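Structure data (mmCIF, C-alpha atoms) from start28.cif:
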data_coords
loop_
_atom_site.group_PDB
_atom_site.id
_atom_site.type_symbol
_atom_site.label_atom_id
_atom_site.label_comp_id
_atom_site.auth_asym_id
_atom_site.auth_seq_id
_atom_site.Cartn_x
_atom_site.Cartn_y
_atom_site.Cartn_z
ATOM 1 C CA MET A 1 0.000 0.000 0.000
ATOM 2 C CA SER A 2 1.360 3.417 -0.959
ATOM 3 C CA ASP A 3 1.644 6.407 1.379
ATOM 4 C CA ARG A 4 -1.087 8.137 -0.621
ATOM 5 C CA ASP A 5 -3.425 5.165 -0.151
ATOM 6 C CA GLU A 6 -2.746 5.331 3.577
ATOM 7 C CA GLU A 7 -3.437 9.075 3.625
ATOM 8 C CA LEU A 8 -6.686 8.543 1.706
ATOM 9 C CA ARG A 9 -7.790 5.901 4.218
ATOM 10 C CA GLY A 10 -7.014 8.357 7.004
ATOM 11 C CA LEU A 11 -9.033 11.105 5.301
ATOM 12 C CA ASP A 12 -11.951 8.726 4.824
ATOM 13 C CA ALA A 13 -11.804 7.722 8.494
ATOM 14 C CA VAL A 14 -11.779 11.358 9.623
ATOM 15 C CA LEU A 15 -14.731 12.180 7.368
ATOM 16 C CA GLN A 16 -16.626 9.155 8.698
ATOM 17 C CA GLU A 17 -15.965 10.248 12.261
ATOM 18 C CA LEU A 18 -17.056 13.795 11.452
ATOM 19 C CA ARG A 19 -20.268 12.447 9.962
ATOM 20 C CA HIS A 20 -21.183 9.524 12.191
ATOM 21 C CA ALA A 21 -19.352 9.598 15.511
ATOM 22 C CA ARG A 22 -21.425 10.255 18.602
ATOM 23 C CA HIS A 23 -19.660 13.586 19.113
ATOM 24 C CA GLY A 24 -19.022 14.231 15.422
ATOM 25 C CA LEU A 25 -20.207 17.404 13.771
ATOM 26 C CA TYR A 26 -23.294 15.600 12.498
ATOM 27 C CA GLY A 27 -23.408 13.011 15.260
ATOM 28 C CA PRO A 28 -26.487 12.426 17.389
ATOM 29 C CA LEU A 29 -25.521 14.688 20.285
ATOM 30 C CA VAL A 30 -24.842 17.702 18.084
ATOM 31 C CA ARG A 31 -27.913 17.036 15.910
ATOM 32 C CA GLU A 32 -30.093 17.092 19.021
ATOM 33 C CA ARG A 33 -28.834 20.545 19.919
ATOM 34 C CA PHE A 34 -29.387 22.192 16.556
ATOM 35 C CA LEU A 35 -32.604 20.374 15.652
ATOM 36 C CA GLY A 36 -34.169 21.864 18.780
ATOM 37 C CA GLY A 37 -35.159 24.917 16.747
ATOM 38 C CA LEU A 38 -37.374 22.880 14.457
ATOM 39 C CA PRO A 39 -40.944 21.756 15.147
ATOM 40 C CA ALA A 40 -41.351 18.563 17.165
ATOM 41 C CA GLY A 41 -41.106 15.474 15.036
ATOM 42 C CA VAL A 42 -38.645 16.824 12.477
ATOM 43 C CA THR A 43 -36.043 14.103 12.294
ATOM 44 C CA PRO A 44 -32.459 14.426 11.089
ATOM 45 C CA THR A 45 -33.683 12.990 7.775
ATOM 46 C CA GLY A 46 -36.396 15.626 7.612
ATOM 47 C CA TYR A 47 -33.860 18.337 8.325
ATOM 48 C CA ARG A 48 -31.611 16.976 5.585
ATOM 49 C CA VAL A 49 -34.544 17.163 3.166
ATOM 50 C CA LEU A 50 -35.330 20.729 4.262
ATOM 51 C CA ARG A 51 -31.721 21.755 3.613
ATOM 52 C CA PHE A 52 -31.795 20.011 0.222
ATOM 53 C CA VAL A 53 -35.021 21.768 -0.752
ATOM 54 C CA GLU A 54 -33.547 25.090 0.373
ATOM 55 C CA ALA A 55 -30.375 24.550 -1.679
ATOM 56 C CA SER A 56 -32.207 23.234 -4.753
ATOM 57 C CA THR A 57 -34.334 26.191 -5.615
ATOM 58 C CA PRO A 58 -35.033 27.193 -8.295
ATOM 59 C CA PRO A 59 -36.574 24.955 -9.420
ATOM 60 C CA PRO A 60 -37.543 23.081 -6.290
ATOM 61 C CA PRO A 61 -36.781 19.349 -6.255
ATOM 62 C CA THR A 62 -39.248 16.597 -7.031
ATOM 63 C CA VAL A 63 -40.012 13.743 -4.656
ATOM 64 C CA SER A 64 -37.854 11.569 -6.923
ATOM 65 C CA ASP A 65 -34.947 13.988 -6.384
ATOM 66 C CA ILE A 66 -35.501 13.670 -2.640
ATOM 67 C CA ALA A 67 -35.567 9.863 -2.898
ATOM 68 C CA ALA A 68 -32.210 10.019 -4.696
ATOM 69 C CA LEU A 69 -30.813 12.238 -1.925
ATOM 70 C CA LEU A 70 -31.985 9.764 0.709
ATOM 71 C CA LEU A 71 -30.776 6.771 -1.307
ATOM 72 C CA SER A 72 -34.226 5.302 -0.836
ATOM 73 C CA ASP A 73 -37.358 4.539 -2.748
ATOM 74 C CA ARG A 74 -39.978 7.094 -3.670
ATOM 75 C CA ALA A 75 -42.425 5.783 -1.043
ATOM 76 C CA ARG A 76 -40.057 6.661 1.812
ATOM 77 C CA ALA A 77 -39.421 10.094 0.320
ATOM 78 C CA VAL A 78 -43.181 10.667 0.092
ATOM 79 C CA ARG A 79 -43.559 9.812 3.797
ATOM 80 C CA VAL A 80 -40.806 12.269 4.762
ATOM 81 C CA VAL A 81 -42.328 15.005 2.585
ATOM 82 C CA ASP A 82 -45.802 14.261 3.993
ATOM 83 C CA ARG A 83 -44.505 14.760 7.567
ATOM 84 C CA LEU A 84 -42.790 18.010 6.619
ATOM 85 C CA ALA A 85 -45.927 19.222 4.824
ATOM 86 C CA ALA A 86 -48.077 18.351 7.844
ATOM 87 C CA ALA A 87 -45.715 20.455 9.991
ATOM 88 C CA GLY A 88 -46.214 23.368 7.566
ATOM 89 C CA LEU A 89 -42.558 23.400 6.479
ATOM 90 C CA VAL A 90 -42.942 22.420 2.808
ATOM 91 C CA THR A 91 -45.634 22.473 0.212
ATOM 92 C CA ARG A 92 -46.089 20.649 -3.072
ATOM 93 C CA VAL A 93 -46.249 22.924 -6.105
ATOM 94 C CA ARG A 94 -46.850 22.257 -9.776
ATOM 95 C CA ASP A 95 -43.904 22.631 -12.103
ATOM 96 C CA THR A 96 -44.167 25.806 -14.171
ATOM 97 C CA VAL A 97 -43.185 24.041 -17.410
ATOM 98 C CA ASP A 98 -44.716 20.572 -17.029
ATOM 99 C CA ARG A 99 -47.881 20.791 -14.935
ATOM 100 C CA ARG A 100 -47.839 17.007 -14.360
ATOM 101 C CA ILE A 101 -44.703 17.336 -12.215
ATOM 102 C CA ARG A 102 -45.067 18.196 -8.544
ATOM 103 C CA ARG A 103 -42.180 19.865 -6.781
ATOM 104 C CA VAL A 104 -41.445 20.341 -3.084
ATOM 105 C CA ALA A 105 -40.868 23.919 -1.934
ATOM 106 C CA LEU A 106 -40.182 25.469 1.454
ATOM 107 C CA THR A 107 -42.954 27.497 3.014
ATOM 108 C CA ASP A 108 -42.125 30.778 4.726
ATOM 109 C CA THR A 109 -42.394 28.887 8.027
ATOM 110 C CA GLY A 110 -40.008 26.245 6.707
ATOM 111 C CA ARG A 111 -37.539 28.907 5.632
ATOM 112 C CA ARG A 112 -37.632 30.508 9.078
ATOM 113 C CA HIS A 113 -37.111 27.181 10.852
ATOM 114 C CA VAL A 114 -34.227 26.218 8.565
ATOM 115 C CA ALA A 115 -32.617 29.617 9.224
ATOM 116 C CA VAL A 116 -32.927 29.109 13.005
ATOM 117 C CA ALA A 117 -31.426 25.614 12.783
ATOM 118 C CA ALA A 118 -28.618 26.875 10.523
ATOM 119 C CA ALA A 119 -27.803 29.662 12.999
ATOM 120 C CA ARG A 120 -27.665 27.070 15.794
ATOM 121 C CA ARG A 121 -25.431 24.831 13.696
ATOM 122 C CA THR A 122 -23.088 27.763 13.000
ATOM 123 C CA ARG A 123 -23.006 28.684 16.683
ATOM 124 C CA LEU A 124 -22.211 25.075 17.649
ATOM 125 C CA LEU A 125 -19.445 24.967 15.063
ATOM 126 C CA GLY A 126 -18.085 28.219 16.467
ATOM 127 C CA GLU A 127 -18.093 26.724 19.973
ATOM 128 C CA ALA A 128 -16.301 23.612 18.735
ATOM 129 C CA ILE A 129 -13.441 25.587 17.190
ATOM 130 C CA ALA A 130 -13.401 28.607 19.501
ATOM 131 C CA ASP A 131 -9.749 27.982 20.375
ATOM 132 C CA TRP A 132 -8.594 27.791 16.737
ATOM 133 C CA PRO A 133 -6.655 30.704 15.251
ATOM 134 C CA ASP A 134 -8.449 32.529 12.422
ATOM 135 C CA GLU A 135 -5.771 31.369 9.969
ATOM 136 C CA ASP A 136 -6.528 27.711 10.724
ATOM 137 C CA LEU A 137 -10.242 28.282 10.189
ATOM 138 C CA ALA A 138 -9.559 30.029 6.879
ATOM 139 C CA ARG A 139 -7.214 27.221 5.794
ATOM 140 C CA LEU A 140 -9.765 24.521 6.687
ATOM 141 C CA THR A 141 -12.493 26.392 4.805
ATOM 142 C CA ASP A 142 -10.258 26.675 1.750
ATOM 143 C CA TYR A 143 -9.394 22.973 1.850
ATOM 144 C CA LEU A 144 -13.025 21.907 2.226
ATOM 145 C CA GLU A 145 -14.081 24.172 -0.646
ATOM 146 C CA ARG A 146 -11.322 22.624 -2.730
ATOM 147 C CA LEU A 147 -12.453 19.117 -1.736
ATOM 148 C CA ASN A 148 -16.055 19.926 -2.694
ATOM 149 C CA ALA A 149 -14.930 21.300 -6.060
ATOM 150 C CA SER A 150 -12.756 18.240 -6.721
ATOM 151 C CA VAL A 151 -15.557 15.851 -5.855
ATOM 152 C CA ALA A 152 -17.961 17.759 -8.120
ATOM 153 C CA ARG A 153 -15.415 17.782 -10.938
ATOM 154 C CA HIS A 154 -14.275 14.167 -10.719
ATOM 155 C CA LEU A 155 -17.342 12.380 -9.388
ATOM 156 C CA PRO A 156 -20.344 13.992 -11.091
ATOM 157 C CA VAL A 157 -23.755 12.463 -10.613
ATOM 158 C CA SER A 158 -25.065 10.542 -13.592
ATOM 159 C CA GLY A 159 -26.337 12.854 -16.286
ATOM 160 C CA ASP A 160 -24.005 15.728 -15.305
ATOM 161 C CA ARG A 161 -21.259 14.861 -17.807
#

Rewrite the structure of this file - the entire thing - as structure tokens.
Amino acid sequence: MSDRDEELRGLDAVLQELRHARHGLYGPLVRERFLGGLPAGVTPTGYRVLRFVEASTPPPPTVSDIAALLLSDRARAVRVVDRLAAAGLVTRVRDTVDRRIRRVALTDTGRRHVAVAAARRTRLLGEAIADWPDEDLARLTDYLERLNASVARHLPVSGDR
């Protein structure tokens, strides 16, 4: 195994820990703290869908787009969207070009709740790295932006090429 392979395994492990560890940035303890600003019953999956809908507009995503995000079938995506709609956070709207297509859009209430949760997430991130020098934060941000750009460039979703 080459040194680069070893470094890549280390990067993957760090990203997994960041994503899934109990105390990771998106781990269960942190999620509890920032999801507190959302209506009762909004799960981490629901929050993920809200963020996806927010980032996807315009045009808003379809339920099939949401199923692809969740790596699940359309039926599960419909259930998640139904719960979010019942909470008044999203609404289904007709596509402006093809009226047969229904899209999922944030309501004003949904936008406000996502903004509150995002502010909490930012505050928690700030608490987590409060002892970091500004230069380190800037460097990390640059590296993560570069990683995102590389992933988008080298690993496009099907149909993007």

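For the structure shown here, the set of residues caught by the PyMOL selection byres ((chain A and resi 121) around 12) is A:Leu25, A:Tyr26, A:Val30, A:Arg31, A:Glu32, A:Arg33, A:Phe34, A:Leu35, A:Gly36, A:Gly37, A:Tyr47, A:Val114, A:Ala115, A:Val116, A:Ala117, A:Ala118, A:Ala119, A:Arg120, A:Thr122, A:Arg123, A:Leu124, A:Leu125, A:Gly126, A:Glu127, A:Ala128.
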
Write out as a PDB file with C-alpha atoms, in the coordinates of the input each polymer residue whose atoms come within 9 Å of Glu54 of chain A, counting only C-alpha atoms; drop sequence neighbours fewer than 3 positions from it.
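As written to disk, around_15.pdb reads:
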ATOM      1  CA  VAL A  49     -34.544  17.163   3.166  1.00  0.00           C
ATOM      2  CA  LEU A  50     -35.330  20.729   4.262  1.00  0.00           C
ATOM      3  CA  ARG A  51     -31.721  21.755   3.613  1.00  0.00           C
ATOM      4  CA  THR A  57     -34.334  26.191  -5.615  1.00  0.00           C
ATOM      5  CA  PRO A  60     -37.543  23.081  -6.290  1.00  0.00           C
ATOM      6  CA  ALA A 105     -40.868  23.919  -1.934  1.00  0.00           C
ATOM      7  CA  LEU A 106     -40.182  25.469   1.454  1.00  0.00           C
ATOM      8  CA  ARG A 111     -37.539  28.907   5.632  1.00  0.00           C
ATOM      9  CA  VAL A 114     -34.227  26.218   8.565  1.00  0.00           C
TER      10      VAL A 114
END

What would the selection look like, as a list in words, if the PyMOL selection byres ((chain A and resi 107) around 6) were run on the coordinates I just shared?
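That selection, the PyMOL selection byres ((chain A and resi 107) around 6), comes back as Leu89, Val90, Leu106, Asp108, Thr109 and Gly110 of chain A.
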
I'd like the interatomic distance between atom CA of Ser150 of chain A and atom CA of Leu11 of chain A, to a tenth of an Å.
14.5 Å

Counting all atoms listed in the file, write as number ranges by chain all protein and nucleic acid residues lying at most 12 Å from (-37.1, 13.0, -3.3) in the file's frame.
A: 45-46, 48-50, 52-53, 56, 60-82, 92, 102-105

Save out the residues we just selected, C-alpha atoms, as an mmCIF file, in the frame of the given file.
data_model
loop_
_atom_site.group_PDB
_atom_site.id
_atom_site.type_symbol
_atom_site.label_atom_id
_atom_site.label_comp_id
_atom_site.auth_asym_id
_atom_site.auth_seq_id
_atom_site.Cartn_x
_atom_site.Cartn_y
_atom_site.Cartn_z
ATOM 1 C CA THR A 45 -33.683 12.990 7.775
ATOM 2 C CA GLY A 46 -36.396 15.626 7.612
ATOM 3 C CA ARG A 48 -31.611 16.976 5.585
ATOM 4 C CA VAL A 49 -34.544 17.163 3.166
ATOM 5 C CA LEU A 50 -35.330 20.729 4.262
ATOM 6 C CA PHE A 52 -31.795 20.011 0.222
ATOM 7 C CA VAL A 53 -35.021 21.768 -0.752
ATOM 8 C CA SER A 56 -32.207 23.234 -4.753
ATOM 9 C CA PRO A 60 -37.543 23.081 -6.290
ATOM 10 C CA PRO A 61 -36.781 19.349 -6.255
ATOM 11 C CA THR A 62 -39.248 16.597 -7.031
ATOM 12 C CA VAL A 63 -40.012 13.743 -4.656
ATOM 13 C CA SER A 64 -37.854 11.569 -6.923
ATOM 14 C CA ASP A 65 -34.947 13.988 -6.384
ATOM 15 C CA ILE A 66 -35.501 13.670 -2.640
ATOM 16 C CA ALA A 67 -35.567 9.863 -2.898
ATOM 17 C CA ALA A 68 -32.210 10.019 -4.696
ATOM 18 C CA LEU A 69 -30.813 12.238 -1.925
ATOM 19 C CA LEU A 70 -31.985 9.764 0.709
ATOM 20 C CA LEU A 71 -30.776 6.771 -1.307
ATOM 21 C CA SER A 72 -34.226 5.302 -0.836
ATOM 22 C CA ASP A 73 -37.358 4.539 -2.748
ATOM 23 C CA ARG A 74 -39.978 7.094 -3.670
ATOM 24 C CA ALA A 75 -42.425 5.783 -1.043
ATOM 25 C CA ARG A 76 -40.057 6.661 1.812
ATOM 26 C CA ALA A 77 -39.421 10.094 0.320
ATOM 27 C CA VAL A 78 -43.181 10.667 0.092
ATOM 28 C CA ARG A 79 -43.559 9.812 3.797
ATOM 29 C CA VAL A 80 -40.806 12.269 4.762
ATOM 30 C CA VAL A 81 -42.328 15.005 2.585
ATOM 31 C CA ASP A 82 -45.802 14.261 3.993
ATOM 32 C CA ARG A 92 -46.089 20.649 -3.072
ATOM 33 C CA ARG A 102 -45.067 18.196 -8.544
ATOM 34 C CA ARG A 103 -42.180 19.865 -6.781
ATOM 35 C CA VAL A 104 -41.445 20.341 -3.084
ATOM 36 C CA ALA A 105 -40.868 23.919 -1.934
#

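Between atom CA of Glu145 of chain A and atom CA of Pro133 of chain A the separation is 18.7 Å.
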
What is the atom CA of Arg153 of chain A-atom CA of Glu135 of chain A distance in Å, reported with one decimal?
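Distance between the two atoms: 26.7 Å.
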
Let me have the centre and edge lengths in Å, one decimal, of the box along x, y and z around every listed atom of segment 6-12 of chain A with 3 Å of margin on each side, as AutoDock Vina command-line options.
--center_x -7.3 --center_y 8.2 --center_z 4.4 --size_x 15.2 --size_y 11.8 --size_z 11.3

Find, counting all atoms listed in the file, the residue in A:Asn148, A:Ser2, A:Gln16, A:Thr43 that gets nearest to Leu84 of chain A.
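For Leu84 of chain A, the nearest of the given residues is A:Thr43.
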